[in-house]
Amino acid sequence: MRKFLLALFCILCISSVRAAIKTVVGNSGTGWSNPSNWSPSGVPVSGDEVRIPVGQTISIKGTVYALPYPTLIIKVNGTLDFDPSGKLDVSGTSIVNVYSGGQITSSGTSSELIILGTVTKYNGQNDGNLSGPLYASSSTGQSTPGVPGTGFNSGTLPVKLHYFTYTILSNTVLLKWKVTQDSDNDLYTVQRSVNGQWQDLQTIPASGLAGNDISYTFTDHQPASENLYRLKLVGRAGETTYSHIVRVKMDQKQLTISAFPNPASARMTVNWHRPVDGTLSVYNAGGALVYQEQLLQRSETVVNTGSLQNGSYLLVVRTGSAPVAKISFAVSRWQAETL
């Protein structure tokens with residue numbers, strides 16, 4: 001059994017392609033475009049959150065991304081570096097957060113660019129090296145010759161979206177999200193796309209509370225057979241950000257699991273898309289059981305990861321003795337929630 005779990009764990013770690021968080025672990029070869037420089041392995045795709053930890057550098061070499069441009073949330077605690085002709089071209093709903101101690105570096109040429117939508121936020125010749133805290137979004141300016149940093153605003157966007165996920169209940173979709181520092185937000189708008197056009201379903205005022213985790217829900221009573229959902233978050237100053245995109249198929253048979261945050265520190269919220277009766281188990285890299293709990297018609301739980309050592313783990317949900325869903329995750333306490 002131990003050998004089976006260990007083999008299964010290794011396969012999942014290698015083959016998993018569904019990851020909401022991509023963390024830089026190296027800068028070899030083509031930098032950003034090299035899948036092995038990321039954990040989990042693979043170049044970030046639309047909807048991902050990108051993390052560049054303290055002490056890590058990732059280089060933009062050549063043009064990164066082409067149409068359709070992805071939506072990314074990029075969080076820089078280390079160094080985002082540009083080589084000549086390095087161009088990071090992402091959607092206009094993307095965010096670049098550079099935290100205190102983080103930086104953007106370049107060789108100072110006009111071919112080194114960060115473009116959000118059609119707006120140039122960073123130009124190596126105009127902006128040179130920039131140090132945080134600062135951020136770029138659709139609501140900030142554009143790079144201007146002779147005035148470094150005009151594509152960014154000072155500080156970082158304070159929105160901390162812990163998760164945005166869903167549960168299918170009969171013929172409805174229950175969307176759930178949790179945030180911290182809700183006092184920095186003004187509105188949450190739930191948006192849905194069925195045919196490529198985003199439409200507003202519901203706008204919900206923020207609670208205005210600070211320093212606590214605040215949960216919200218919205219039920220779509222008339223979903224299509226296949227739906228895309230996202231959150232539009234509007235801050236107190238009018239700045240706009242977007243969550244990652246959630247894809248919901250109403251005829252989905254296989255149970256899907258999401259884990260937030262991943263890597264985890266003190267705790268991790270785990271969601272799956274329909275209520276189940278069963279058992280949730282966590283195994284370490286050696287195949288040993290380190291956590292278990294019973295599930296009684298639940299679609300969400302919080303796993304205490306504070307007692308787990310740094311490393312990689314496998315979470316398995318079973319109904320009876322049969323595994324129905326699995327997800328690999330990591331525990332790492334380097335992230336001091338500046339991310």
# chains A, B, ... in the order shown; residues from 1 in each chain; ligands from 1

call {"tool": "select_by_dssp", "arguments": {"residues": "range 39-77 of chain A", "states": "strand (DSSP E or B)", "output": "PDB file with N, CA and C atoms, in the first residue's frame"}}
result
ATOM      1  N   SER A  39       7.183  25.615  -9.930  1.00  0.00           N
ATOM      2  CA  SER A  39       6.590  24.569  -9.109  1.00  0.00           C
ATOM      3  C   SER A  39       5.124  24.915  -8.851  1.00  0.00           C
ATOM      4  N   GLU A  49      -1.898  32.315 -10.443  1.00  0.00           N
ATOM      5  CA  GLU A  49      -1.223  33.307  -9.615  1.00  0.00           C
ATOM      6  C   GLU A  49       0.264  32.977  -9.643  1.00  0.00           C
ATOM      7  N   VAL A  50       1.084  33.944 -10.020  1.00  0.00           N
ATOM      8  CA  VAL A  50       2.526  33.754 -10.170  1.00  0.00           C
ATOM      9  C   VAL A  50       3.234  34.330  -8.950  1.00  0.00           C
ATOM     10  N   ARG A  51       4.114  33.541  -8.341  1.00  0.00           N
ATOM     11  CA  ARG A  51       4.845  34.000  -7.160  1.00  0.00           C
ATOM     12  C   ARG A  51       6.349  33.923  -7.409  1.00  0.00           C
ATOM     13  N   ILE A  52       7.020  35.040  -7.189  1.00  0.00           N
ATOM     14  CA  ILE A  52       8.482  35.093  -7.280  1.00  0.00           C
ATOM     15  C   ILE A  52       8.997  35.342  -5.865  1.00  0.00           C
ATOM     16  N   THR A  57      15.023  34.748  -8.881  1.00  0.00           N
ATOM     17  CA  THR A  57      14.950  35.608 -10.067  1.00  0.00           C
ATOM     18  C   THR A  57      14.351  34.799 -11.206  1.00  0.00           C
ATOM     19  N   ILE A  58      13.480  35.422 -11.975  1.00  0.00           N
ATOM     20  CA  ILE A  58      12.983  34.806 -13.201  1.00  0.00           C
ATOM     21  C   ILE A  58      13.140  35.816 -14.335  1.00  0.00           C
ATOM     22  N   SER A  59      13.707  35.375 -15.459  1.00  0.00           N
ATOM     23  CA  SER A  59      14.025  36.282 -16.564  1.00  0.00           C
ATOM     24  C   SER A  59      13.022  36.131 -17.701  1.00  0.00           C
ATOM     25  N   ILE A  60      12.690  37.282 -18.295  1.00  0.00           N
ATOM     26  CA  ILE A  60      11.858  37.321 -19.494  1.00  0.00           C
ATOM     27  C   ILE A  60      12.794  37.391 -20.696  1.00  0.00           C
ATOM     28  N   THR A  63       9.597  37.138 -26.462  1.00  0.00           N
ATOM     29  CA  THR A  63       8.193  37.455 -26.179  1.00  0.00           C
ATOM     30  C   THR A  63       7.538  36.306 -25.431  1.00  0.00           C
ATOM     31  N   VAL A  64       7.003  36.624 -24.258  1.00  0.00           N
ATOM     32  CA  VAL A  64       6.294  35.635 -23.455  1.00  0.00           C
ATOM     33  C   VAL A  64       4.804  35.864 -23.626  1.00  0.00           C
ATOM     34  N   ILE A  73      -2.043  37.006 -12.118  1.00  0.00           N
ATOM     35  CA  ILE A  73      -1.726  37.823 -10.952  1.00  0.00           C
ATOM     36  C   ILE A  73      -0.273  37.527 -10.615  1.00  0.00           C
ATOM     37  N   ILE A  74       0.599  38.512 -10.784  1.00  0.00           N
ATOM     38  CA  ILE A  74       2.041  38.317 -10.626  1.00  0.00           C
ATOM     39  C   ILE A  74       2.490  39.002  -9.340  1.00  0.00           C
ATOM     40  N   LYS A  75       3.066  38.230  -8.425  1.00  0.00           N
ATOM     41  CA  LYS A  75       3.469  38.732  -7.117  1.00  0.00           C
ATOM     42  C   LYS A  75       4.986  38.603  -6.981  1.00  0.00           C
ATOM     43  N   VAL A  76       5.656  39.749  -6.881  1.00  0.00           N
ATOM     44  CA  VAL A  76       7.122  39.792  -6.947  1.00  0.00           C
ATOM     45  C   VAL A  76       7.695  40.147  -5.575  1.00  0.00           C
TER      46      VAL A  76
END

call {"tool": "residues_around", "arguments": {"residues": "Thr30 in chain A", "least_positions_apart": "2", "cutoff": "10 Å", "atoms": "only C-alpha atoms", "output": "ChimeraX atom specification"}}
result
/A:27-28,32-35,37,58-62

call {"tool": "residues_around", "arguments": {"residues": "range 139-143 of chain A", "least_positions_apart": "2", "cutoff": "12 Å", "atoms": "only C-alpha atoms", "output": "PyMOL selection string"}}
result
chain A and resi 92-97+110+112-128+134-137+145-157+234-235+237-241

call {"tool": "closest_residue", "arguments": {"among": "A:Ser265, A:Thr203, A:Thr172, A:Thr319", "to": "Asp277 in chain A", "atoms": "only C-alpha atoms"}}
result
A:Thr319

call {"tool": "residues_around", "arguments": {"residues": "Tyr188 in chain A", "least_positions_apart": "4", "cutoff": "7 Å", "atoms": "only C-alpha atoms", "output": "PyMOL selection string"}}
result
chain A and resi 203-206+231-234

call {"tool": "write_last_selection", "arguments": {"atoms": "C-alpha atoms", "output": "PDB file, in the first residue's frame"}}
result
ATOM      1  CA  THR A 203     -22.751  43.049  -7.459  1.00  0.00           C
ATOM      2  CA  ILE A 204     -22.209  42.580  -3.729  1.00  0.00           C
ATOM      3  CA  PRO A 205     -20.949  45.368  -1.411  1.00  0.00           C
ATOM      4  CA  ALA A 206     -17.867  44.548   0.650  1.00  0.00           C
ATOM      5  CA  LEU A 231     -14.865  38.014  -9.788  1.00  0.00           C
ATOM      6  CA  LYS A 232     -14.405  41.687 -10.524  1.00  0.00           C
ATOM      7  CA  LEU A 233     -13.028  43.338  -7.374  1.00  0.00           C
ATOM      8  CA  VAL A 234     -13.331  47.109  -7.035  1.00  0.00           C
TER       9      VAL A 234
END

call {"tool": "select_by_dssp", "arguments": {"residues": "range 100-185 of chain A", "states": "alpha helix (DSSP H)", "output": "list in words"}}
result
Gly124, Gln125, Asn126 and Asp127 of chain A

call {"tool": "write_last_selection", "arguments": {"atoms": "N, CA and C atoms", "output": "short mmCIF file (atom, residue, chain, number, x, y, z; two decimals), in the first residue's frame"}}
result
data_model
loop_
_atom_site.label_atom_id
_atom_site.label_comp_id
_atom_site.auth_asym_id
_atom_site.auth_seq_id
_atom_site.Cartn_x
_atom_site.Cartn_y
_atom_site.Cartn_z
N GLY A 124 11.99 49.22 -20.43
CA GLY A 124 13.32 49.21 -19.83
C GLY A 124 14.06 50.51 -19.99
N GLN A 125 13.89 51.18 -21.15
CA GLN A 125 14.58 52.45 -21.39
C GLN A 125 13.99 53.56 -20.55
N ASN A 126 12.68 53.60 -20.43
CA ASN A 126 12.01 54.65 -19.65
C ASN A 126 12.14 54.44 -18.15
N ASP A 127 12.04 53.17 -17.71
CA ASP A 127 11.85 52.89 -16.29
C ASP A 127 13.07 52.30 -15.59
#

call {"tool": "residues_around", "arguments": {"residues": "Ser131 in chain A", "least_positions_apart": "3", "cutoff": "7 Å", "atoms": "only C-alpha atoms", "output": "list in words"}}
result
Gly101, Gly102, Gln103 and Ile104 of chain A

call {"tool": "closest_residue", "arguments": {"among": "A:Ala224, A:Val190, A:Leu72, A:Ile257", "to": "Asp48 in chain A", "atoms": "only C-alpha atoms"}}
result
A:Leu72

call {"tool": "residues_around", "arguments": {"residues": "range 301-318 of chain A", "least_positions_apart": "2", "cutoff": "7 Å", "atoms": "only C-alpha atoms", "output": "number ranges by chain"}}
result
A: 9, 264-271, 278-285, 320-332

call {"tool": "write_last_selection", "arguments": {"atoms": "N, CA and C atoms", "output": "short mmCIF file (atom, residue, chain, number, x, y, z; two decimals), in the first residue's frame"}}
result
data_model
loop_
_atom_site.label_atom_id
_atom_site.label_comp_id
_atom_site.auth_asym_id
_atom_site.auth_seq_id
_atom_site.Cartn_x
_atom_site.Cartn_y
_atom_site.Cartn_z
N PHE A 9 1.67 9.22 -5.85
CA PHE A 9 2.05 10.59 -5.51
C PHE A 9 3.02 11.14 -6.54
N ALA A 264 0.91 25.73 1.22
CA ALA A 264 0.20 26.16 2.43
C ALA A 264 1.20 26.44 3.54
N SER A 265 0.72 27.18 4.53
CA SER A 265 1.54 27.46 5.71
C SER A 265 0.84 26.90 6.95
N ALA A 266 -0.03 27.68 7.58
CA ALA A 266 -0.69 27.23 8.80
C ALA A 266 -1.95 26.42 8.53
N ARG A 267 -2.64 26.74 7.43
CA ARG A 267 -3.89 26.03 7.14
C ARG A 267 -4.17 26.11 5.65
N MET A 268 -5.03 25.21 5.20
CA MET A 268 -5.36 25.15 3.78
C MET A 268 -6.84 24.82 3.64
N THR A 269 -7.55 25.63 2.86
CA THR A 269 -8.96 25.36 2.58
C THR A 269 -9.06 24.46 1.36
N VAL A 270 -9.81 23.38 1.50
CA VAL A 270 -9.97 22.41 0.42
C VAL A 270 -11.44 22.39 0.00
N ASN A 271 -11.69 22.52 -1.31
CA ASN A 271 -13.04 22.51 -1.85
C ASN A 271 -13.16 21.42 -2.90
N GLY A 278 -17.74 10.59 2.86
CA GLY A 278 -16.52 9.82 2.66
C GLY A 278 -15.44 10.18 3.64
N THR A 279 -14.20 10.00 3.21
CA THR A 279 -13.03 10.23 4.05
C THR A 279 -12.01 11.07 3.31
N LEU A 280 -11.44 12.05 3.98
CA LEU A 280 -10.33 12.84 3.43
C LEU A 280 -9.06 12.42 4.16
N SER A 281 -8.04 12.04 3.38
CA SER A 281 -6.77 11.59 3.97
C SER A 281 -5.61 12.35 3.35
N VAL A 282 -4.58 12.61 4.16
CA VAL A 282 -3.37 13.28 3.68
C VAL A 282 -2.17 12.36 3.97
N TYR A 283 -1.34 12.15 2.92
CA TYR A 283 -0.15 11.31 3.03
C TYR A 283 1.09 12.14 2.73
N ASN A 284 2.17 11.86 3.44
CA ASN A 284 3.42 12.54 3.14
C ASN A 284 4.12 11.87 1.96
N ALA A 285 5.29 12.38 1.59
CA ALA A 285 5.99 11.87 0.40
C ALA A 285 6.43 10.42 0.57
N GLY A 320 -16.35 5.26 0.56
CA GLY A 320 -16.07 3.86 0.84
C GLY A 320 -14.57 3.66 0.82
N SER A 321 -14.12 2.64 0.10
CA SER A 321 -12.68 2.37 0.01
C SER A 321 -12.09 2.87 -1.29
N ALA A 322 -12.92 3.43 -2.18
CA ALA A 322 -12.44 3.83 -3.51
C ALA A 322 -12.04 5.29 -3.54
N PRO A 323 -10.79 5.60 -3.96
CA PRO A 323 -10.40 7.01 -4.15
C PRO A 323 -11.21 7.62 -5.28
N VAL A 324 -11.79 8.79 -5.05
CA VAL A 324 -12.57 9.46 -6.10
C VAL A 324 -11.90 10.74 -6.59
N ALA A 325 -10.98 11.29 -5.82
CA ALA A 325 -10.28 12.51 -6.24
C ALA A 325 -9.00 12.65 -5.44
N LYS A 326 -7.99 13.23 -6.08
CA LYS A 326 -6.69 13.41 -5.44
C LYS A 326 -6.11 14.74 -5.86
N ILE A 327 -5.30 15.33 -5.01
CA ILE A 327 -4.57 16.54 -5.37
C ILE A 327 -3.26 16.56 -4.59
N SER A 328 -2.17 16.98 -5.22
CA SER A 328 -0.90 17.13 -4.53
C SER A 328 -0.77 18.58 -4.07
N PHE A 329 -0.14 18.77 -2.92
CA PHE A 329 0.09 20.12 -2.40
C PHE A 329 1.40 20.13 -1.63
N ALA A 330 1.84 21.33 -1.30
CA ALA A 330 3.09 21.49 -0.57
C ALA A 330 2.85 22.33 0.68
N VAL A 331 3.68 22.10 1.68
CA VAL A 331 3.72 22.95 2.88
C VAL A 331 5.04 23.70 2.85
N SER A 332 4.97 25.03 2.90
CA SER A 332 6.17 25.86 2.88
C SER A 332 5.91 27.10 3.70
#

call {"tool": "closest_residue", "arguments": {"among": "A:Val54, A:Leu169, A:Val179, A:Leu161", "to": "Asp220 in chain A", "atoms": "only C-alpha atoms"}}
result
A:Leu169

call {"tool": "closest_residue", "arguments": {"among": "A:Gln199, A:Tyr242, A:Asp251, A:Leu174", "to": "Ser46 in chain A", "atoms": "only C-alpha atoms"}}
result
A:Tyr242

call {"tool": "atom_distance", "arguments": {"atom1": "CA of His244 in chain A", "atom2": "CA of Arg274 in chain A"}}
result
20.1 Å

call {"tool": "atom_distance", "arguments": {"atom1": "CA of Gly78 in chain A", "atom2": "CA of Leu130 in chain A"}}
result
12.0 Å
